[in-house]
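K.L.:
Data file entry15.tsv (TSV, C-alpha atoms and all ligand atoms) is appended below.
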```tsv
chain	number	residue	atom	x	y	z
Z	149	MET	CA	84.20	162.25	87.14
Z	150	GLY	CA	87.04	162.73	89.62
Z	151	LYS	CA	89.15	165.78	90.22
Z	152	THR	CA	91.55	167.41	87.78
Z	153	TYR	CA	95.09	168.19	88.95
Z	154	LYS	CA	97.51	170.50	87.19
Z	155	ILE	CA	100.98	168.93	87.16
Z	156	ALA	CA	104.18	170.71	86.14
Z	157	VAL	CA	106.64	168.21	84.70
Z	158	LEU	CA	110.38	169.01	84.85
Z	159	PRO	CA	112.14	166.13	83.09
Z	160	GLY	CA	115.52	167.87	83.54
Z	161	ASP	CA	118.87	166.42	82.55
Z	162	GLY	CA	120.54	163.12	81.73
Z	163	THR	CA	118.27	160.16	82.29
Z	164	GLY	CA	115.62	162.46	83.85
Z	165	PRO	CA	113.44	162.56	80.72
Z	166	GLU	CA	113.59	158.76	80.30
Z	167	VAL	CA	112.48	157.97	83.83
Z	168	VAL	CA	109.87	160.73	83.80
Z	169	ALA	CA	108.34	159.17	80.67
Z	170	GLU	CA	107.90	155.88	82.55
Z	171	GLY	CA	106.53	157.70	85.58
Z	172	ARG	CA	103.94	159.26	83.29
Z	173	LYS	CA	102.88	155.83	82.02
Z	174	ALA	CA	102.09	154.70	85.54
Z	175	LEU	CA	100.32	157.97	86.31
Z	176	ASN	CA	98.25	157.73	83.13
Z	177	ALA	CA	97.25	154.18	83.99
Z	178	ALA	CA	96.19	155.36	87.45
Z	179	GLU	CA	94.14	158.21	85.95
Z	180	THR	CA	92.19	155.83	83.75
Z	181	LYS	CA	91.65	153.32	86.52
Z	182	PHE	CA	90.68	155.71	89.32
Z	183	GLY	CA	88.87	158.38	87.32
Z	184	PHE	CA	90.83	161.55	88.04
Z	185	LYS	CA	92.67	163.70	85.55
Z	186	LEU	CA	96.26	164.93	85.42
Z	187	GLU	CA	96.79	167.96	83.20
Z	188	MET	CA	100.53	167.95	82.55
Z	189	THR	CA	102.66	170.89	81.39
Z	190	ASP	CA	106.34	170.45	80.61
Z	191	PHE	CA	109.13	172.86	81.61
Z	192	ASP	CA	112.64	172.63	80.17
Z	193	PHE	CA	114.57	173.73	83.28
Z	194	GLY	CA	117.96	172.06	83.53
Z	195	GLY	CA	121.52	171.98	82.24
Z	196	GLU	CA	120.68	171.92	78.53
Z	197	ARG	CA	118.59	175.05	78.81
Z	198	TYR	CA	121.27	176.77	80.91
Z	199	LEU	CA	124.01	176.01	78.39
Z	200	ARG	CA	121.78	177.22	75.56
Z	201	THR	CA	120.45	180.42	77.13
Z	202	GLY	CA	122.80	181.23	80.01
Z	203	GLU	CA	119.82	181.46	82.32
Z	204	ILE	CA	119.63	178.97	85.17
Z	205	LEU	CA	116.01	179.54	86.07
Z	206	PRO	CA	113.68	182.28	84.79
Z	207	GLU	CA	112.84	184.94	87.40
Z	208	THR	CA	109.19	183.94	87.17
Z	209	ALA	CA	109.78	180.19	87.57
Z	210	ALA	CA	108.56	179.88	91.15
Z	211	ASP	CA	105.50	182.03	90.44
Z	212	ASP	CA	104.71	180.02	87.32
Z	213	LEU	CA	105.03	176.76	89.24
Z	214	ARG	CA	102.85	178.04	92.07
Z	215	ARG	CA	99.86	177.77	89.74
Z	216	PHE	CA	100.16	173.98	89.69
Z	217	ASP	CA	98.92	171.38	92.13
Z	218	ALA	CA	102.23	169.51	92.11
Z	219	ILE	CA	105.58	169.22	90.35
Z	220	PHE	CA	107.04	166.01	88.94
Z	221	LEU	CA	110.82	166.27	88.58
Z	222	GLY	CA	113.24	163.94	86.77
Z	223	ALA	CA	116.81	164.95	87.57
Z	224	ILE	CA	118.96	168.05	87.70
Z	225	GLY	CA	122.71	167.82	86.97
Z	226	HIS	CA	124.72	168.10	83.76
Z	227	PRO	CA	128.31	166.99	83.08
Z	228	GLY	CA	128.92	170.22	81.14
Z	229	VAL	CA	128.00	172.47	84.07
Z	230	LYS	CA	130.17	173.01	87.14
Z	231	PRO	CA	128.79	171.13	90.18
Z	232	GLY	CA	126.71	173.31	92.45
Z	233	ILE	CA	125.33	175.72	89.86
Z	234	LEU	CA	122.25	173.76	88.84
Z	235	GLU	CA	121.78	172.11	92.22
Z	236	LYS	CA	121.70	175.47	93.99
Z	237	GLY	CA	120.17	177.44	91.13
Z	238	ILE	CA	117.30	175.10	90.37
Z	239	LEU	CA	116.70	172.39	92.97
Z	240	LEU	CA	117.52	174.30	96.14
Z	241	ARG	CA	116.08	177.55	94.81
Z	242	LEU	CA	112.74	175.91	94.06
Z	243	ARG	CA	112.71	174.20	97.46
Z	244	PHE	CA	113.28	177.57	99.13
Z	245	GLU	CA	111.04	179.75	96.96
Z	246	LEU	CA	108.15	177.31	97.07
Z	247	ASP	CA	108.77	176.84	100.79
Z	248	GLN	CA	108.91	173.07	100.49
Z	249	TYR	CA	109.98	172.70	104.07
Z	250	ILE	CA	109.64	168.93	104.27
Z	251	ASN	CA	111.63	166.32	102.42
Z	252	LEU	CA	109.82	163.04	102.82
Z	253	ARG	CA	111.95	160.00	102.08
Z	254	PRO	CA	110.59	156.52	102.70
Z	255	VAL	CA	113.17	153.78	103.24
Z	256	ARG	CA	111.37	150.61	102.17
Z	257	LEU	CA	112.81	147.39	100.89
Z	258	PHE	CA	110.48	145.96	98.26
Z	259	PRO	CA	110.05	142.21	97.87
Z	260	GLY	CA	112.62	140.54	95.66
Z	261	VAL	CA	115.10	143.39	96.00
Z	262	ASP	CA	118.62	142.73	97.27
Z	263	THR	CA	119.83	144.68	100.28
Z	264	PRO	CA	123.42	144.83	101.48
Z	265	LEU	CA	122.11	144.26	105.02
Z	266	LYS	CA	122.55	140.68	106.14
Z	267	ASN	CA	119.43	138.86	107.34
Z	268	LYS	CA	117.14	141.84	106.79
Z	269	GLY	CA	114.07	141.85	104.59
Z	270	PRO	CA	111.06	144.02	103.72
Z	271	GLU	CA	109.69	143.54	107.24
Z	272	GLN	CA	112.80	145.00	108.85
Z	273	ILE	CA	113.54	147.77	106.35
Z	274	ASN	CA	110.38	149.82	106.48
Z	275	TYR	CA	110.56	153.35	107.83
Z	276	VAL	CA	110.32	156.96	106.72
Z	277	VAL	CA	112.68	159.91	107.14
Z	278	VAL	CA	111.15	163.36	107.49
Z	279	ARG	CA	114.00	165.71	106.59
Z	280	GLU	CA	113.67	169.44	107.31
Z	281	ASN	CA	114.21	170.89	103.84
Z	282	THR	CA	114.66	174.68	103.89
Z	283	GLY	CA	116.74	175.51	106.95
Z	284	GLY	CA	119.93	174.64	108.74
Z	285	ILE	CA	123.28	174.70	106.98
Z	286	TYR	CA	121.49	174.81	103.62
Z	287	THR	CA	120.48	178.45	104.12
Z	288	GLY	CA	124.06	179.35	103.26
Z	289	THR	CA	124.43	181.71	106.22
Z	290	GLY	CA	128.12	182.49	106.61
Z	291	GLY	CA	130.95	183.57	104.42
Z	292	ILE	CA	134.63	183.47	103.74
Z	293	SER	CA	137.09	186.20	104.60
Z	294	MET	CA	140.78	186.77	103.90
Z	295	LYS	CA	140.36	184.26	101.09
Z	296	GLY	CA	143.61	183.02	99.60
Z	297	THR	CA	145.71	184.05	102.59
Z	298	PRO	CA	147.02	181.75	105.32
Z	299	HIS	CA	144.51	183.40	107.65
Z	300	GLU	CA	141.40	182.72	105.61
Z	301	VAL	CA	138.30	181.90	107.58
Z	302	ALA	CA	135.19	180.11	106.37
Z	303	VAL	CA	131.93	179.92	108.29
Z	304	GLN	CA	128.70	178.17	107.35
Z	305	SER	CA	126.22	178.12	110.17
Z	306	MET	CA	123.48	175.74	111.15
Z	307	VAL	CA	120.65	178.19	111.63
Z	308	TYR	CA	117.21	177.19	112.90
Z	309	ASN	CA	114.41	179.24	114.33
Z	310	ARG	CA	111.61	177.96	116.50
Z	311	PHE	CA	109.03	178.39	113.73
Z	312	GLN	CA	110.93	176.22	111.25
Z	313	VAL	CA	111.54	173.52	113.82
Z	314	GLU	CA	107.95	173.47	115.05
Z	315	ARG	CA	106.33	173.24	111.64
Z	316	CYS	CA	108.65	170.40	110.66
Z	317	LEU	CA	107.97	168.54	113.90
Z	318	ARG	CA	104.20	168.96	113.57
Z	319	TYR	CA	104.32	167.56	110.06
Z	320	ALA	CA	106.35	164.59	111.33
Z	321	PHE	CA	104.02	163.91	114.26
Z	322	ASP	CA	101.01	164.10	111.94
Z	323	TYR	CA	102.69	161.80	109.49
Z	324	ALA	CA	103.55	159.30	112.22
Z	325	ARG	CA	99.96	159.37	113.48
Z	326	LYS	CA	98.50	158.80	110.00
Z	327	PHE	CA	101.07	156.50	108.40
Z	328	GLY	CA	103.19	155.06	111.24
Z	329	LYS	CA	103.50	151.37	112.04
Z	330	LYS	CA	100.36	151.28	114.18
Z	331	ALA	CA	98.40	152.93	111.39
Z	332	GLN	CA	99.79	150.24	109.07
Z	333	GLY	CA	98.59	147.57	111.50
Z	334	ILE	CA	102.07	146.25	112.24
Z	335	ALA	CA	102.78	147.73	115.72
Z	336	ASP	CA	100.78	148.78	118.79
Z	337	VAL	CA	102.01	152.33	118.66
Z	338	ASN	CA	103.12	154.93	116.13
Z	339	THR	CA	106.63	156.14	116.93
Z	340	LEU	CA	108.44	159.32	115.98
Z	341	ALA	CA	112.18	159.48	116.65
Z	342	LEU	CA	114.13	162.73	116.63
Z	343	VAL	CA	117.58	162.35	115.10
Z	344	GLY	CA	120.05	164.97	116.32
Z	345	LYS	CA	123.34	165.58	118.01
Z	346	THR	CA	122.40	166.98	121.40
Z	347	ASN	CA	125.77	166.00	122.86
Z	348	VAL	CA	127.72	168.40	120.64
Z	349	LEU	CA	125.33	170.77	118.83
Z	350	THR	CA	124.03	171.90	122.18
Z	351	TYR	CA	122.21	174.98	120.87
Z	352	VAL	CA	120.48	173.83	117.72
Z	353	PHE	CA	119.45	170.40	118.96
Z	354	ASP	CA	118.51	171.71	122.36
Z	355	LEU	CA	115.93	173.78	120.52
Z	356	TRP	CA	114.82	170.77	118.45
Z	357	GLU	CA	114.65	168.49	121.47
Z	358	ARG	CA	112.66	170.87	123.67
Z	359	ALA	CA	110.20	171.63	120.87
Z	360	PHE	CA	109.91	167.90	120.11
Z	361	HIS	CA	108.87	166.98	123.64
Z	362	GLU	CA	106.68	170.03	124.21
Z	363	ILE	CA	104.68	169.51	121.00
Z	364	GLY	CA	104.61	165.75	121.44
Z	365	GLU	CA	103.36	165.89	125.01
Z	366	LYS	CA	100.67	168.50	124.35
Z	367	GLU	CA	99.44	167.69	120.87
Z	368	TYR	CA	100.45	164.10	120.10
Z	369	PRO	CA	100.39	162.12	123.36
Z	370	ASP	CA	99.37	159.04	121.33
Z	371	VAL	CA	102.65	159.09	119.35
Z	372	LYS	CA	105.61	157.49	121.12
Z	373	ARG	CA	108.75	159.67	121.22
Z	374	GLU	CA	112.34	158.50	120.87
Z	375	TYR	CA	115.67	160.24	120.39
Z	376	TYR	CA	118.84	159.08	118.60
Z	377	HIS	CA	122.13	160.81	117.90
Z	378	VAL	CA	122.76	160.98	114.17
Z	379	ASP	CA	125.95	158.90	114.27
Z	380	ALA	CA	124.22	156.16	116.24
Z	381	THR	CA	121.30	156.37	113.80
Z	382	CYS	CA	123.67	155.36	110.98
Z	383	MET	CA	124.74	152.37	113.02
Z	384	TYR	CA	121.17	151.25	113.73
Z	385	MET	CA	120.08	151.84	110.13
Z	386	VAL	CA	122.54	149.08	109.27
Z	387	LYS	CA	122.26	146.89	112.36
Z	388	SER	CA	118.62	147.21	113.47
Z	389	PRO	CA	116.52	149.11	110.92
Z	390	GLU	CA	113.42	147.43	112.35
Z	391	TRP	CA	113.68	149.74	115.35
Z	392	PHE	CA	112.57	152.69	113.23
Z	393	ASP	CA	109.13	153.91	112.27
Z	394	VAL	CA	109.18	157.64	111.44
Z	395	LEU	CA	112.38	159.65	111.90
Z	396	VAL	CA	112.56	163.44	111.89
Z	397	THR	CA	115.78	165.39	111.50
Z	398	SER	CA	117.55	168.50	110.27
Z	399	ASN	CA	118.34	169.25	106.64
Z	400	MET	CA	122.00	168.20	106.55
Z	401	PHE	CA	121.60	165.11	108.71
Z	402	GLY	CA	118.57	164.10	106.66
Z	403	ASP	CA	120.52	164.49	103.43
Z	404	ILE	CA	123.24	162.19	104.69
Z	405	ILE	CA	121.21	159.48	106.35
Z	406	THR	CA	118.80	159.15	103.42
Z	407	ASP	CA	121.63	158.20	101.06
Z	408	LEU	CA	122.54	155.45	103.52
Z	409	GLY	CA	118.87	154.52	103.73
Z	410	ALA	CA	118.53	154.42	99.94
Z	411	GLU	CA	121.43	151.99	99.69
Z	412	THR	CA	119.79	149.67	102.22
Z	413	GLN	CA	116.59	149.62	100.16
Z	414	GLY	CA	118.43	148.57	97.04
Z	415	GLY	CA	120.01	151.80	95.86
Z	416	MET	CA	119.16	154.90	93.90
Z	417	GLY	CA	117.14	152.95	91.33
Z	418	ILE	CA	114.24	152.73	93.74
Z	419	ALA	CA	114.58	155.64	96.19
Z	420	ALA	CA	111.99	158.39	95.80
Z	421	GLY	CA	111.30	161.55	97.74
Z	422	GLY	CA	108.90	164.43	98.03
Z	423	ASN	CA	109.78	168.08	98.63
Z	424	ILE	CA	106.61	169.05	100.40
Z	425	ASN	CA	104.90	172.29	101.24
Z	426	PRO	CA	101.76	171.06	103.00
Z	427	GLY	CA	99.93	174.31	102.19
Z	428	GLY	CA	101.43	174.88	98.76
Z	429	VAL	CA	103.02	173.19	95.79
Z	430	SER	CA	105.10	170.08	96.38
Z	431	MET	CA	107.73	168.54	94.13
Z	432	PHE	CA	108.39	164.82	93.75
Z	433	GLU	CA	111.60	163.28	92.48
Z	434	PRO	CA	113.64	160.13	92.19
Z	435	ILE	CA	116.58	160.96	94.46
Z	436	GLY	CA	119.20	159.33	92.25
Z	437	GLY	CA	120.30	162.16	90.02
Z	438	SER	CA	120.83	162.48	86.28
Z	439	ALA	CA	123.21	159.50	85.71
Z	440	PRO	CA	124.74	161.02	82.53
Z	441	LYS	CA	126.66	157.89	81.57
Z	442	TYR	CA	123.42	155.93	81.08
Z	443	THR	CA	121.61	158.68	79.15
Z	444	GLY	CA	119.67	157.65	76.07
Z	445	GLN	CA	120.41	153.93	76.36
Z	446	ASN	CA	117.02	152.84	77.68
Z	447	ILE	CA	118.72	150.93	80.53
Z	448	ILE	CA	118.23	153.20	83.56
Z	449	ASN	CA	115.85	151.97	86.26
Z	450	PRO	CA	112.65	154.08	86.24
Z	451	LEU	CA	111.17	152.65	89.44
Z	452	ALA	CA	112.31	155.53	91.65
Z	453	ALA	CA	110.56	158.01	89.35
Z	454	ILE	CA	107.47	155.80	89.26
Z	455	CYS	CA	107.46	155.67	93.07
Z	456	ALA	CA	107.86	159.46	93.16
Z	457	GLY	CA	104.73	159.67	91.00
Z	458	GLY	CA	102.96	157.45	93.53
Z	459	MET	CA	104.03	159.73	96.38
Z	460	MET	CA	102.71	162.69	94.39
Z	461	LEU	CA	99.28	161.04	94.13
Z	462	GLU	CA	99.34	160.28	97.87
Z	463	THR	CA	100.02	163.94	98.65
Z	464	LEU	CA	97.29	165.06	96.25
Z	465	GLY	CA	94.89	162.85	98.20
Z	466	GLU	CA	94.49	160.06	95.63
Z	467	LEU	CA	95.38	157.41	98.17
Z	468	GLU	CA	93.94	154.43	96.36
Z	469	ALA	CA	95.77	155.28	93.17
Z	470	ALA	CA	99.00	155.84	95.11
Z	471	ARG	CA	98.64	152.42	96.68
Z	472	ALA	CA	97.96	150.85	93.29
Z	473	ILE	CA	101.22	152.24	91.93
Z	474	GLU	CA	103.18	151.07	94.96
Z	475	ASN	CA	101.64	147.59	94.76
Z	476	ALA	CA	102.37	147.41	91.04
Z	477	VAL	CA	106.03	148.27	91.73
Z	478	ARG	CA	106.15	145.66	94.49
Z	479	ASP	CA	104.82	143.03	92.14
Z	480	VAL	CA	107.35	143.96	89.46
Z	481	THR	CA	110.29	143.77	91.90
Z	482	ALA	CA	109.00	140.51	93.37
Z	483	THR	CA	108.27	138.67	90.16
Z	484	LYS	CA	110.07	140.32	87.24
Z	485	ILE	CA	113.16	142.43	87.72
Z	486	LYS	CA	116.48	140.69	88.34
Z	487	SER	CA	118.44	143.62	89.68
Z	488	LEU	CA	117.71	147.29	90.27
Z	489	SER	CA	120.97	148.38	88.63
Z	490	ALA	CA	120.98	150.10	85.26
Z	491	GLY	CA	121.52	147.58	82.48
Z	492	LYS	CA	121.03	144.58	84.77
Z	493	MET	CA	117.27	144.63	85.22
Z	494	GLY	CA	116.60	142.00	82.56
Z	495	TYR	CA	114.30	144.59	80.94
Z	496	SER	CA	114.74	147.99	79.33
Z	497	THR	CA	113.65	151.24	80.96
Z	498	SER	CA	110.47	151.38	78.89
Z	499	GLN	CA	109.66	147.70	79.43
Z	500	VAL	CA	109.84	148.22	83.20
Z	501	GLY	CA	107.48	151.18	82.78
Z	502	ASP	CA	105.09	148.97	80.80
Z	503	LEU	CA	105.21	146.21	83.43
Z	504	VAL	CA	104.23	148.67	86.15
Z	505	ALA	CA	101.55	150.40	84.08
Z	506	GLU	CA	99.90	147.07	83.17
Z	507	ARG	CA	99.66	146.17	86.84
Z	508	VAL	CA	98.19	149.52	87.88
Z	601	LIG	C1	119.37	165.62	97.68
Z	601	LIG	C2	120.59	166.14	96.99
Z	601	LIG	C3	120.60	167.66	97.10
Z	601	LIG	C4	120.64	168.02	98.57
Z	601	LIG	C5	121.74	168.34	96.33
Z	601	LIG	C6	121.76	167.91	94.88
Z	601	LIG	C7	121.66	169.84	96.44
Z	601	LIG	O1	121.74	165.59	97.51
Z	601	LIG	O2	118.26	165.94	97.23
Z	601	LIG	O3	119.52	164.89	98.66
Z	601	LIG	O4	121.73	168.11	99.16
Z	601	LIG	O5	119.58	168.21	99.15
Z	602	MN	MN	121.39	164.08	99.01
```
Using the file provided, produce a representation of the structure as structure tokens.
Ligand code: IPM
Ligand code: MN

P.N.:
Amino acid sequence: MGKTYKIAVLPGDGTGPEVVAEGRKALNAAETKFGFKLEMTDFDFGGERYLRTGEILPETAADDLRRFDAIFLGAIGHPGVKPGILEKGILLRLRFELDQYINLRPVRLFPGVDTPLKNKGPEQINYVVVRENTGGIYTGTGGISMKGTPHEVAVQSMVYNRFQVERCLRYAFDYARKFGKKAQGIADVNTLALVGKTNVLTYVFDLWERAFHEIGEKEYPDVKREYYHVDATCMYMVKSPEWFDVLVTSNMFGDIITDLGAETQGGMGIAAGGNINPGGVSMFEPIGGSAPKYTGQNIINPLAAICAGGMMLETLGELEAARAIENAVRDVTATKIKSLSAGKMGYSTSQVGDLVAERV
């Protein structure tokens, strides 16, 4: 008998519960096949609960979640709640309180999936973004004074300390060494590229750049180092995505470039991410959001949630099972699904879940 993992499931709002249900199917199939056990406990955090109780997140939420091995999240965001409240009060708060300092976002084009990039295929669009996930502008350091007067001033600072930068870089170097293109057998070297803005943000990215080269030279001489400005990165993500292997960047830049990346891999229907605390509890999510207009119609694409489940298994150490889920998704995109868009897949949400589960 394999290991047992305790999983907290947060289906959340909108189409979250529908895609989480399909993610569960794939996970259950993997359990049976590979002989481990997932003990799942549901939490009702989200917009519905907030509107009902007035509480965004119970005080004890982070402590309760700390008792689990991983968290599987659907989507947070409700049309009846002002933007920002749930995002900050649930998603960002959990990232901070659980110290999930890495946001891992693969950008992979699966076979059979349309990309807006001309003449690019799965071979060219195959890289991973390691986004720093608890620092930078997202800490909310700053404020607004003289509000409502012609002299009002607003400040929101990009704050990084050496510790935050180093731990993120070490994770990225490790990841590149273990899962980079050499490790995949498709290049002679694993490459980590730092994405920054050293020409303008001369304090913050000076710190990142120095730490990057110091750590790389001393601890990861086998990993090739590159540097790109963030604006140029956007250009190359469109023009020459095959240049990239593993990218590491700050919180805000990572947020922005991974939406661009998601679009190049076929859109939000397939893009998954992990909020990772390598020594603690990590949280896996489809990065697409709650898509309220598709709620309850059984037409939303569940593949991103299914892929998030696969990433969760990878992080838990069930590598074979993770690979089985990814391969099942690849087969479904290659041979079954017409389009990744909601309502245009040629199958319903639950049928897509069944197709993947059968193949696992
Ligand atoms: C993401 C989202 C969040 C972020 C929002 C919803 C707070 O855009 O996960 O990328 O900015 O990190
Ligand atoms: Mn985002």

K.L.:
Return as number ranges by chain the residues of protein, DNA or RNA that approach ligand MN 602 (chain Z) to within 10 Å, with all atoms listed in the file taken into account.

P.N.:
Z: 399-408, 435-437

K.L.:
Using only C-alpha atoms, which of Z:Val343, Z:Met294, Z:Leu221, Z:Leu213 sits nearest Val277 (chain Z)?

P.N.:
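Looking only at the distances to Val277 (chain Z), the closest residue turns out to be Z:Val343.
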
K.L.:
Could you check which residues have any atom within 6 Å of (124.9, 174.2, 110.8), counting only C-alpha atoms with coordinates taken straight from the file, and then list them as a list in words?

P.N.:
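Residues with an atom close enough to that point: Gly284, Ile285, Ser305, Met306 and Val307 of chain Z.
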
K.L.:
Here is a test: counting all atoms listed in the file, which residue of Z:Asp393, Z:Glu462, Z:Glu207, Z:Asp212 is nearest to Gly237 (chain Z)?

P.N.:
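Looking at the shortest contact to Gly237 (chain Z), the residue is Z:Glu207.
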
K.L.:
Given all atoms listed in the file as the basis, pick out the residue of Z:Asp354, Z:Ile273, Z:Pro254, Z:Ala209 nearest to Leu242 (chain Z).

P.N.:
Z:Ala209

K.L.:
Could you build a table of the residues in region 355-456 of chain Z lying no more than 10 Å from region 157-179 of chain Z, giving for each the nearest pair of atoms and their separation in Å rounded to one decimal place, using all atoms listed in the file, ordered by chain and ascending residue number, as JSON lines?

P.N.:
```
{"residue": "Z:Met431", "atom": "CA", "partner": "Z:Val157", "partner_atom": "CA", "distance": 9.5}
{"residue": "Z:Phe432", "atom": "CA", "partner": "Z:Val157", "partner_atom": "CA", "distance": 9.8}
{"residue": "Z:Glu433", "atom": "CA", "partner": "Z:Val168", "partner_atom": "CA", "distance": 9.2}
{"residue": "Z:Pro434", "atom": "CA", "partner": "Z:Val167", "partner_atom": "CA", "distance": 8.7}
{"residue": "Z:Gly436", "atom": "CA", "partner": "Z:Gly164", "partner_atom": "CA", "distance": 9.7}
{"residue": "Z:Gly437", "atom": "CA", "partner": "Z:Gly164", "partner_atom": "CA", "distance": 7.7}
{"residue": "Z:Ser438", "atom": "CA", "partner": "Z:Gly162", "partner_atom": "CA", "distance": 4.6}
{"residue": "Z:Ala439", "atom": "CA", "partner": "Z:Gly162", "partner_atom": "CA", "distance": 6.0}
{"residue": "Z:Pro440", "atom": "CA", "partner": "Z:Gly162", "partner_atom": "CA", "distance": 4.8}
{"residue": "Z:Lys441", "atom": "CA", "partner": "Z:Gly162", "partner_atom": "CA", "distance": 8.1}
{"residue": "Z:Tyr442", "atom": "CA", "partner": "Z:Thr163", "partner_atom": "CA", "distance": 6.8}
{"residue": "Z:Thr443", "atom": "CA", "partner": "Z:Thr163", "partner_atom": "CA", "distance": 4.8}
{"residue": "Z:Gly444", "atom": "CA", "partner": "Z:Thr163", "partner_atom": "CA", "distance": 6.9}
{"residue": "Z:Gln445", "atom": "CA", "partner": "Z:Thr163", "partner_atom": "CA", "distance": 8.9}
{"residue": "Z:Asn446", "atom": "CA", "partner": "Z:Glu166", "partner_atom": "CA", "distance": 7.3}
{"residue": "Z:Ile447", "atom": "CA", "partner": "Z:Glu166", "partner_atom": "CA", "distance": 9.4}
{"residue": "Z:Ile448", "atom": "CA", "partner": "Z:Thr163", "partner_atom": "CA", "distance": 7.1}
{"residue": "Z:Asn449", "atom": "CA", "partner": "Z:Val167", "partner_atom": "CA", "distance": 7.3}
{"residue": "Z:Pro450", "atom": "CA", "partner": "Z:Val167", "partner_atom": "CA", "distance": 4.6}
{"residue": "Z:Leu451", "atom": "CA", "partner": "Z:Val167", "partner_atom": "CA", "distance": 7.8}
{"residue": "Z:Ala452", "atom": "CA", "partner": "Z:Val167", "partner_atom": "CA", "distance": 8.2}
{"residue": "Z:Ala453", "atom": "CA", "partner": "Z:Gly171", "partner_atom": "CA", "distance": 5.5}
{"residue": "Z:Ile454", "atom": "CA", "partner": "Z:Gly171", "partner_atom": "CA", "distance": 4.2}
{"residue": "Z:Cys455", "atom": "CA", "partner": "Z:Gly171", "partner_atom": "CA", "distance": 7.8}
{"residue": "Z:Ala456", "atom": "CA", "partner": "Z:Gly171", "partner_atom": "CA", "distance": 7.9}
```

K.L.:
Would you export the selected residues with C-alpha atoms as an mmCIF file, in the coordinates of the input, please?

P.N.:
```cif
data_model
loop_
_atom_site.group_PDB
_atom_site.id
_atom_site.type_symbol
_atom_site.label_atom_id
_atom_site.label_comp_id
_atom_site.auth_asym_id
_atom_site.auth_seq_id
_atom_site.Cartn_x
_atom_site.Cartn_y
_atom_site.Cartn_z
ATOM 1 C CA MET Z 431 107.730 168.540 94.130
ATOM 2 C CA PHE Z 432 108.390 164.820 93.750
ATOM 3 C CA GLU Z 433 111.600 163.280 92.480
ATOM 4 C CA PRO Z 434 113.640 160.130 92.190
ATOM 5 C CA GLY Z 436 119.200 159.330 92.250
ATOM 6 C CA GLY Z 437 120.300 162.160 90.020
ATOM 7 C CA SER Z 438 120.830 162.480 86.280
ATOM 8 C CA ALA Z 439 123.210 159.500 85.710
ATOM 9 C CA PRO Z 440 124.740 161.020 82.530
ATOM 10 C CA LYS Z 441 126.660 157.890 81.570
ATOM 11 C CA TYR Z 442 123.420 155.930 81.080
ATOM 12 C CA THR Z 443 121.610 158.680 79.150
ATOM 13 C CA GLY Z 444 119.670 157.650 76.070
ATOM 14 C CA GLN Z 445 120.410 153.930 76.360
ATOM 15 C CA ASN Z 446 117.020 152.840 77.680
ATOM 16 C CA ILE Z 447 118.720 150.930 80.530
ATOM 17 C CA ILE Z 448 118.230 153.200 83.560
ATOM 18 C CA ASN Z 449 115.850 151.970 86.260
ATOM 19 C CA PRO Z 450 112.650 154.080 86.240
ATOM 20 C CA LEU Z 451 111.170 152.650 89.440
ATOM 21 C CA ALA Z 452 112.310 155.530 91.650
ATOM 22 C CA ALA Z 453 110.560 158.010 89.350
ATOM 23 C CA ILE Z 454 107.470 155.800 89.260
ATOM 24 C CA CYS Z 455 107.460 155.670 93.070
ATOM 25 C CA ALA Z 456 107.860 159.460 93.160
#
```

K.L.:
Using only C-alpha atoms and all ligand atoms, which residue out of Z:Gly457, Z:Pro206, Z:Gly494, Z:Gly421 lies closest to ligand LIG 601 (chain Z)?

P.N.:
Z:Gly421

K.L.:
Taking into account only C-alpha atoms, which residue in the set Z:Phe321, Z:Tyr275, Z:Phe220, Z:Tyr286 is nearest to Glu235 (chain Z)?

P.N.:
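Among the listed residues, the smallest separation from Glu235 (chain Z) belongs to Z:Tyr286.
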
K.L.:
As JSON, please: the centre and edge lengths in Å, to one decimal, of an axis-aligned box enclosing every listed atom of region 270-282 of chain Z with 5 Å added on each side.

P.N.:
```
{"center_x": 112.2, "center_y": 159.1, "center_z": 106.3, "size_x": 15.0, "size_y": 41.1, "size_z": 15.1}
```

K.L.:
Select, from Z:His377, Z:Lys181, Z:Arg253, Z:Lys151, the residue with the minimum atom-to-atom distance to Val278 (chain Z), counting all atoms listed in the file.

P.N.:
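Ranked by minimum distance to Val278 (chain Z), first place goes to Z:Arg253.
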
K.L.:
Some atoms are absent from region 429-434 of chain Z, so rebuild N, CA and C atoms and return them as a CSV table (one decimal), keeping the file's coordinate frame.

P.N.:
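This is the output file rebuild-v4.csv:
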```csv
chain,number,residue,atom,x,y,z
Z,429,VAL,N,102.7,174.1,96.9
Z,429,VAL,CA,103.0,173.2,95.8
Z,429,VAL,C,104.2,172.3,96.2
Z,430,SER,N,104.0,171.0,96.0
Z,430,SER,CA,105.1,170.1,96.4
Z,430,SER,C,105.7,169.5,95.1
Z,431,MET,N,107.0,169.0,95.3
Z,431,MET,CA,107.7,168.5,94.1
Z,431,MET,C,108.3,167.2,94.4
Z,432,PHE,N,108.1,166.2,93.5
Z,432,PHE,CA,108.4,164.8,93.8
Z,432,PHE,C,109.5,164.4,92.8
Z,433,GLU,N,110.4,163.6,93.3
Z,433,GLU,CA,111.6,163.3,92.5
Z,433,GLU,C,112.2,161.9,92.9
Z,434,PRO,N,112.8,161.3,91.9
Z,434,PRO,CA,113.6,160.1,92.2
Z,434,PRO,C,114.9,160.8,92.8
```
